[in-house]
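J.: Structure file input-v9.cif (mmCIF, N, CA and C atoms; chains and numbers go by the auth columns) is given on the next line.
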data_structure
loop_
_atom_site.group_PDB
_atom_site.id
_atom_site.type_symbol
_atom_site.label_atom_id
_atom_site.label_comp_id
_atom_site.label_asym_id
_atom_site.label_seq_id
_atom_site.Cartn_x
_atom_site.Cartn_y
_atom_site.Cartn_z
_atom_site.B_iso_or_equiv
_atom_site.auth_seq_id
_atom_site.auth_asym_id
ATOM 1 N N MET A 1 8.174 124.097 81.432 0.00 1 Z
ATOM 2 C CA MET A 1 9.519 123.949 81.951 0.00 1 Z
ATOM 3 C C MET A 1 10.542 124.060 80.813 0.00 1 Z
ATOM 4 N N LEU A 2 10.287 123.389 79.698 0.00 2 Z
ATOM 5 C CA LEU A 2 11.237 123.423 78.592 0.00 2 Z
ATOM 6 C C LEU A 2 11.253 124.766 77.879 0.00 2 Z
ATOM 7 N N ASN A 3 10.237 125.570 78.065 0.00 3 Z
ATOM 8 C CA ASN A 3 10.189 126.874 77.412 0.00 3 Z
ATOM 9 C C ASN A 3 11.230 127.834 77.976 0.00 3 Z
ATOM 10 N N ASN A 4 11.681 127.608 79.198 0.00 4 Z
ATOM 11 C CA ASN A 4 12.591 128.530 79.864 0.00 4 Z
ATOM 12 C C ASN A 4 14.058 128.142 79.733 0.00 4 Z
ATOM 13 N N ILE A 5 14.385 127.082 79.001 0.00 5 Z
ATOM 14 C CA ILE A 5 15.779 126.632 78.931 0.00 5 Z
ATOM 15 C C ILE A 5 16.614 127.605 78.114 0.00 5 Z
ATOM 16 N N GLY A 6 16.265 127.889 76.906 0.00 6 Z
ATOM 17 C CA GLY A 6 16.994 128.828 76.066 0.00 6 Z
ATOM 18 C C GLY A 6 18.297 128.257 75.544 0.00 6 Z
ATOM 19 N N LEU A 7 18.996 129.042 74.761 0.00 7 Z
ATOM 20 C CA LEU A 7 20.254 128.613 74.142 0.00 7 Z
ATOM 21 C C LEU A 7 21.371 128.390 75.156 0.00 7 Z
ATOM 22 N N PRO A 8 21.567 129.278 76.120 0.00 8 Z
ATOM 23 C CA PRO A 8 22.645 129.015 77.095 0.00 8 Z
ATOM 24 C C PRO A 8 22.426 127.728 77.887 0.00 8 Z
ATOM 25 N N GLY A 9 21.204 127.450 78.227 0.00 9 Z
ATOM 26 C CA GLY A 9 20.902 126.222 78.955 0.00 9 Z
ATOM 27 C C GLY A 9 21.180 124.987 78.124 0.00 9 Z
ATOM 28 N N LEU A 10 20.806 125.031 76.835 0.00 10 Z
ATOM 29 C CA LEU A 10 21.086 123.906 75.947 0.00 10 Z
ATOM 30 C C LEU A 10 22.583 123.690 75.769 0.00 10 Z
ATOM 31 N N LEU A 11 23.331 124.773 75.644 0.00 11 Z
ATOM 32 C CA LEU A 11 24.787 124.652 75.522 0.00 11 Z
ATOM 33 C C LEU A 11 25.397 124.047 76.781 0.00 11 Z
ATOM 34 N N LEU A 12 24.916 124.457 77.946 0.00 12 Z
ATOM 35 C CA LEU A 12 25.406 123.900 79.203 0.00 12 Z
ATOM 36 C C LEU A 12 25.106 122.407 79.290 0.00 12 Z
ATOM 37 N N ILE A 13 23.921 122.002 78.906 0.00 13 Z
ATOM 38 C CA ILE A 13 23.553 120.584 78.910 0.00 13 Z
ATOM 39 C C ILE A 13 24.438 119.805 77.948 0.00 13 Z
ATOM 40 N N ALA A 14 24.690 120.364 76.753 0.00 14 Z
ATOM 41 C CA ALA A 14 25.545 119.689 75.772 0.00 14 Z
ATOM 42 C C ALA A 14 26.960 119.511 76.301 0.00 14 Z
ATOM 43 N N VAL A 15 27.496 120.525 76.974 0.00 15 Z
ATOM 44 C CA VAL A 15 28.854 120.420 77.531 0.00 15 Z
ATOM 45 C C VAL A 15 28.911 119.372 78.629 0.00 15 Z
ATOM 46 N N VAL A 16 27.912 119.345 79.495 0.00 16 Z
ATOM 47 C CA VAL A 16 27.888 118.358 80.577 0.00 16 Z
ATOM 48 C C VAL A 16 27.805 116.945 80.015 0.00 16 Z
ATOM 49 N N VAL A 17 26.973 116.733 79.017 0.00 17 Z
ATOM 50 C CA VAL A 17 26.852 115.405 78.398 0.00 17 Z
ATOM 51 C C VAL A 17 28.158 115.014 77.733 0.00 17 Z
ATOM 52 N N LEU A 18 28.796 115.948 77.065 0.00 18 Z
ATOM 53 C CA LEU A 18 30.073 115.675 76.407 0.00 18 Z
ATOM 54 C C LEU A 18 31.146 115.302 77.427 0.00 18 Z
ATOM 55 N N VAL A 19 31.178 115.980 78.545 0.00 19 Z
ATOM 56 C CA VAL A 19 32.168 115.681 79.590 0.00 19 Z
ATOM 57 C C VAL A 19 31.885 114.319 80.213 0.00 19 Z
ATOM 58 N N LEU A 20 30.631 114.017 80.465 0.00 20 Z
ATOM 59 C CA LEU A 20 30.283 112.755 81.122 0.00 20 Z
ATOM 60 C C LEU A 20 30.536 111.540 80.230 0.00 20 Z
ATOM 61 N N PHE A 21 30.154 111.619 78.985 0.00 21 Z
ATOM 62 C CA PHE A 21 30.209 110.444 78.125 0.00 21 Z
ATOM 63 C C PHE A 21 31.405 110.428 77.183 0.00 21 Z
ATOM 64 N N GLY A 22 31.983 111.544 76.886 0.00 22 Z
ATOM 65 C CA GLY A 22 33.112 111.585 75.967 0.00 22 Z
ATOM 66 C C GLY A 22 32.654 111.613 74.527 0.00 22 Z
ATOM 67 N N ARG A 23 33.545 112.096 73.677 0.00 23 Z
ATOM 68 C CA ARG A 23 33.204 112.280 72.267 0.00 23 Z
ATOM 69 C C ARG A 23 32.974 110.954 71.544 0.00 23 Z
ATOM 70 N N GLY A 24 33.800 109.955 71.825 0.00 24 Z
ATOM 71 C CA GLY A 24 33.679 108.660 71.148 0.00 24 Z
ATOM 72 C C GLY A 24 32.382 107.949 71.472 0.00 24 Z
ATOM 73 N N LYS A 25 32.004 107.995 72.726 0.00 25 Z
ATOM 74 C CA LYS A 25 30.769 107.329 73.143 0.00 25 Z
ATOM 75 C C LYS A 25 29.550 107.998 72.520 0.00 25 Z
ATOM 76 N N ILE A 26 29.554 109.320 72.453 0.00 26 Z
ATOM 77 C CA ILE A 26 28.418 110.033 71.883 0.00 26 Z
ATOM 78 C C ILE A 26 28.310 109.765 70.382 0.00 26 Z
ATOM 79 N N SER A 27 29.445 109.743 69.678 0.00 27 Z
ATOM 80 C CA SER A 27 29.389 109.501 68.230 0.00 27 Z
ATOM 81 C C SER A 27 28.919 108.080 67.931 0.00 27 Z
ATOM 82 N N SER A 28 29.345 107.117 68.743 0.00 28 Z
ATOM 83 C CA SER A 28 28.867 105.744 68.518 0.00 28 Z
ATOM 84 C C SER A 28 27.386 105.628 68.851 0.00 28 Z
ATOM 85 N N LEU A 29 26.956 106.346 69.870 0.00 29 Z
ATOM 86 C CA LEU A 29 25.541 106.337 70.229 0.00 29 Z
ATOM 87 C C LEU A 29 24.698 106.946 69.115 0.00 29 Z
ATOM 88 N N MET A 30 25.148 108.049 68.538 0.00 30 Z
ATOM 89 C CA MET A 30 24.417 108.685 67.434 0.00 30 Z
ATOM 90 C C MET A 30 24.407 107.778 66.198 0.00 30 Z
ATOM 91 N N GLY A 31 25.486 107.017 65.991 0.00 31 Z
ATOM 92 C CA GLY A 31 25.505 106.058 64.889 0.00 31 Z
ATOM 93 C C GLY A 31 24.441 104.988 65.071 0.00 31 Z
ATOM 94 N N GLU A 32 24.297 104.521 66.296 0.00 32 Z
ATOM 95 C CA GLU A 32 23.267 103.516 66.588 0.00 32 Z
ATOM 96 C C GLU A 32 21.867 104.103 66.424 0.00 32 Z
ATOM 97 N N VAL A 33 21.693 105.346 66.816 0.00 33 Z
ATOM 98 C CA VAL A 33 20.389 106.005 66.635 0.00 33 Z
ATOM 99 C C VAL A 33 20.070 106.114 65.149 0.00 33 Z
ATOM 100 N N GLY A 34 21.062 106.473 64.342 0.00 34 Z
ATOM 101 C CA GLY A 34 20.864 106.561 62.892 0.00 34 Z
ATOM 102 C C GLY A 34 20.493 105.223 62.286 0.00 34 Z
ATOM 103 N N LYS A 35 21.148 104.151 62.731 0.00 35 Z
ATOM 104 C CA LYS A 35 20.812 102.808 62.234 0.00 35 Z
ATOM 105 C C LYS A 35 19.396 102.423 62.634 0.00 35 Z
ATOM 106 N N GLY A 36 19.003 102.796 63.835 0.00 36 Z
ATOM 107 C CA GLY A 36 17.647 102.502 64.292 0.00 36 Z
ATOM 108 C C GLY A 36 16.594 103.228 63.479 0.00 36 Z
ATOM 109 N N ILE A 37 16.860 104.491 63.174 0.00 37 Z
ATOM 110 C CA ILE A 37 15.917 105.266 62.357 0.00 37 Z
ATOM 111 C C ILE A 37 15.814 104.669 60.964 0.00 37 Z
ATOM 112 N N THR A 38 16.957 104.270 60.393 0.00 38 Z
ATOM 113 C CA THR A 38 16.958 103.656 59.067 0.00 38 Z
ATOM 114 C C THR A 38 16.168 102.355 59.069 0.00 38 Z
ATOM 115 N N ALA A 39 16.366 101.531 60.093 0.00 39 Z
ATOM 116 C CA ALA A 39 15.637 100.270 60.184 0.00 39 Z
ATOM 117 C C ALA A 39 14.139 100.509 60.350 0.00 39 Z
ATOM 118 N N PHE A 40 13.775 101.531 61.120 0.00 40 Z
ATOM 119 C CA PHE A 40 12.365 101.851 61.307 0.00 40 Z
ATOM 120 C C PHE A 40 11.724 102.276 59.991 0.00 40 Z
ATOM 121 N N LYS A 41 12.407 103.151 59.244 0.00 41 Z
ATOM 122 C CA LYS A 41 11.874 103.599 57.955 0.00 41 Z
ATOM 123 C C LYS A 41 11.735 102.432 56.990 0.00 41 Z
ATOM 124 N N LYS A 42 12.711 101.520 56.984 0.00 42 Z
ATOM 125 C CA LYS A 42 12.639 100.355 56.097 0.00 42 Z
ATOM 126 C C LYS A 42 11.453 99.467 56.479 0.00 42 Z
ATOM 127 N N GLY A 43 11.237 99.296 57.775 0.00 43 Z
ATOM 128 C CA GLY A 43 10.103 98.496 58.230 0.00 43 Z
ATOM 129 C C GLY A 43 8.775 99.107 57.842 0.00 43 Z
ATOM 130 N N VAL A 44 8.669 100.421 57.952 0.00 44 Z
ATOM 131 C CA VAL A 44 7.428 101.102 57.562 0.00 44 Z
ATOM 132 C C VAL A 44 7.196 100.946 56.064 0.00 44 Z
ATOM 133 N N ASP A 45 8.243 101.128 55.259 0.00 45 Z
ATOM 134 C CA ASP A 45 8.104 100.988 53.810 0.00 45 Z
ATOM 135 C C ASP A 45 7.733 99.553 53.425 0.00 45 Z
ATOM 136 N N ASP A 46 8.355 98.570 54.087 0.00 46 Z
ATOM 137 C CA ASP A 46 8.047 97.171 53.789 0.00 46 Z
ATOM 138 C C ASP A 46 6.606 96.833 54.145 0.00 46 Z
ATOM 139 N N SER A 47 6.142 97.326 55.292 0.00 47 Z
ATOM 140 C CA SER A 47 4.763 97.017 55.677 0.00 47 Z
ATOM 141 C C SER A 47 3.772 97.725 54.757 0.00 47 Z
ATOM 142 N N LYS A 48 4.111 98.946 54.324 0.00 48 Z
ATOM 143 C CA LYS A 48 3.240 99.668 53.395 0.00 48 Z
ATOM 144 C C LYS A 48 3.150 98.908 52.070 0.00 48 Z
ATOM 145 N N LYS A 49 4.295 98.400 51.586 0.00 49 Z
ATOM 146 C CA LYS A 49 4.317 97.639 50.336 0.00 49 Z
ATOM 147 C C LYS A 49 3.518 96.347 50.485 0.00 49 Z
ATOM 148 N N GLU A 50 3.641 95.707 51.639 0.00 50 Z
ATOM 149 C CA GLU A 50 2.900 94.464 51.884 0.00 50 Z
ATOM 150 C C GLU A 50 1.395 94.722 51.879 0.00 50 Z
ATOM 151 N N ILE A 51 0.962 95.812 52.480 0.00 51 Z
ATOM 152 C CA ILE A 51 -0.464 96.153 52.509 0.00 51 Z
ATOM 153 C C ILE A 51 -0.961 96.451 51.098 0.00 51 Z
ATOM 154 N N GLU A 52 -0.167 97.179 50.311 0.00 52 Z
ATOM 155 C CA GLU A 52 -0.561 97.478 48.934 0.00 52 Z
ATOM 156 C C GLU A 52 -0.634 96.209 48.092 0.00 52 Z
ATOM 157 N N ASP A 53 0.301 95.280 48.299 0.00 53 Z
ATOM 158 C CA ASP A 53 0.273 94.015 47.566 0.00 53 Z
ATOM 159 C C ASP A 53 -0.965 93.196 47.918 0.00 53 Z
ATOM 160 N N GLU A 54 -1.330 93.179 49.204 0.00 54 Z
ATOM 161 C CA GLU A 54 -2.530 92.449 49.621 0.00 54 Z
ATOM 162 C C GLU A 54 -3.779 93.080 49.011 0.00 54 Z
ATOM 163 N N ALA A 55 -3.811 94.405 48.954 0.00 55 Z
ATOM 164 C CA ALA A 55 -4.964 95.095 48.366 0.00 55 Z
ATOM 165 C C ALA A 55 -5.048 94.799 46.876 0.00 55 Z
ATOM 166 N N ALA A 56 -3.905 94.686 46.197 0.00 56 Z
ATOM 167 C CA ALA A 56 -3.905 94.380 44.768 0.00 56 Z
ATOM 168 C C ALA A 56 -4.368 92.940 44.533 0.00 56 Z
ATOM 169 N N ASP A 57 -4.025 92.034 45.436 0.00 57 Z
ATOM 170 C CA ASP A 57 -4.456 90.644 45.290 0.00 57 Z
ATOM 171 C C ASP A 57 -5.961 90.508 45.483 0.00 57 Z
ATOM 172 N N VAL A 58 -6.524 91.326 46.340 0.00 58 Z
ATOM 173 C CA VAL A 58 -7.951 91.254 46.645 0.00 58 Z
ATOM 174 C C VAL A 58 -8.784 91.943 45.572 0.00 58 Z
ATOM 175 N N ALA A 59 -8.168 92.842 44.814 0.00 59 Z
ATOM 176 C CA ALA A 59 -8.893 93.601 43.789 0.00 59 Z
ATOM 177 C C ALA A 59 -9.559 92.644 42.803 0.00 59 Z
ATOM 178 N N VAL A 60 -10.761 92.991 42.395 0.00 60 Z
ATOM 179 C CA VAL A 60 -11.544 92.150 41.499 0.00 60 Z
ATOM 180 C C VAL A 60 -11.667 92.859 40.148 0.00 60 Z
ATOM 181 N N ASP A 61 -11.519 92.101 39.073 0.00 61 Z
ATOM 182 C CA ASP A 61 -11.684 92.650 37.731 0.00 61 Z
ATOM 183 C C ASP A 61 -13.177 92.730 37.449 0.00 61 Z
ATOM 184 N N VAL A 62 -13.683 93.954 37.260 0.00 62 Z
ATOM 185 C CA VAL A 62 -15.114 94.155 37.038 0.00 62 Z
ATOM 186 C C VAL A 62 -15.416 94.491 35.575 0.00 62 Z
ATOM 187 N N THR A 63 -14.460 94.253 34.693 0.00 63 Z
ATOM 188 C CA THR A 63 -14.675 94.510 33.276 0.00 63 Z
ATOM 189 C C THR A 63 -15.701 93.503 32.744 0.00 63 Z
ATOM 190 N N PRO A 64 -16.701 93.982 32.002 0.00 64 Z
ATOM 191 C CA PRO A 64 -17.683 93.047 31.448 0.00 64 Z
ATOM 192 C C PRO A 64 -16.981 92.046 30.506 0.00 64 Z
ATOM 193 N N GLU A 65 -17.553 90.862 30.399 0.00 65 Z
ATOM 194 C CA GLU A 65 -16.931 89.782 29.618 0.00 65 Z
ATOM 195 C C GLU A 65 -16.754 90.172 28.154 0.00 65 Z
ATOM 196 N N ASP A 66 -17.713 90.854 27.565 0.00 66 Z
ATOM 197 C CA ASP A 66 -17.586 91.200 26.141 0.00 66 Z
ATOM 198 C C ASP A 66 -16.536 92.294 25.920 0.00 66 Z
ATOM 199 N N GLU A 67 -16.205 93.093 26.930 0.00 67 Z
ATOM 200 C CA GLU A 67 -15.174 94.137 26.806 0.00 67 Z
ATOM 201 C C GLU A 67 -13.771 93.563 26.992 0.00 67 Z
ATOM 202 N N LYS A 68 -13.632 92.419 27.654 0.00 68 Z
ATOM 203 C CA LYS A 68 -12.320 91.836 27.886 0.00 68 Z
ATOM 204 C C LYS A 68 -11.657 91.382 26.592 0.00 68 Z
ATOM 205 N N ASP A 69 -12.452 90.914 25.650 0.00 69 Z
ATOM 206 C CA ASP A 69 -11.896 90.415 24.391 0.00 69 Z
ATOM 207 C C ASP A 69 -11.402 91.538 23.490 0.00 69 Z
ATOM 208 N N LYS A 70 -11.917 92.744 23.648 0.00 70 Z
ATOM 209 C CA LYS A 70 -11.552 93.866 22.785 0.00 70 Z
ATOM 210 C C LYS A 70 -10.144 94.397 23.067 0.00 70 Z
ATOM 211 N N ALA A 71 -9.678 94.203 24.264 0.00 71 Z
ATOM 212 C CA ALA A 71 -8.357 94.739 24.613 0.00 71 Z
ATOM 213 C C ALA A 71 -7.305 93.878 24.032 0.00 71 Z
#
Could you render the structure from this file as structure tokens?

T.:
Amino acid sequence: MLNNIGLPGLLLIAVVVLVLFGRGKISSLMGEVGKGITAFKKGVDDSKKEIEDEAADVAVDVTPEDEKDKA
């Protein structure tokens, strides 16, 4: 179904949405979408950092005892 829309169809949909919601409403909506995407990316980065920190805490030093003194 979406394969048959084409550029004229997309332009028609954009004009109808613009008429229905107005320019101000659409720009504020896009601002909220941008904030949501930013918050999502921050959450993913924070959880990735948390997982890496947990993995670093679990890591075990396997250096032999006599080699530890040489460093």

J.: Please indicate the distance in Å from CA of Phe21 in chain Z to CA of Lys41 in chain Z, rounded to one decimal place.

T.: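 CA of Lys41 in chain Z lies 28.1 Å from CA of Phe21 in chain Z.
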
J.: Would you work out the distance separating CA of Ser27 in chain Z from CA of Gly9 in chain Z, expressed in Å to one decimal?

T.: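 Between CA of Ser27 in chain Z and CA of Gly9 in chain Z the gap is 21.6 Å.
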
J.: To one decimal in Å, tell me the separation between CA of Lys48 in chain Z and CA of Gly36 in chain Z.

T.: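 So the two atoms, CA of Lys48 in chain Z and CA of Gly36 in chain Z, lie 18.3 Å apart.
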
J.: Check the DSSP output for the backbone and give back, as an MDAnalysis selection string, the residues of chain Z in helix (DSSP H, G or I).

T.: chainID Z and resid 2:4 6:21 23:58 65:68
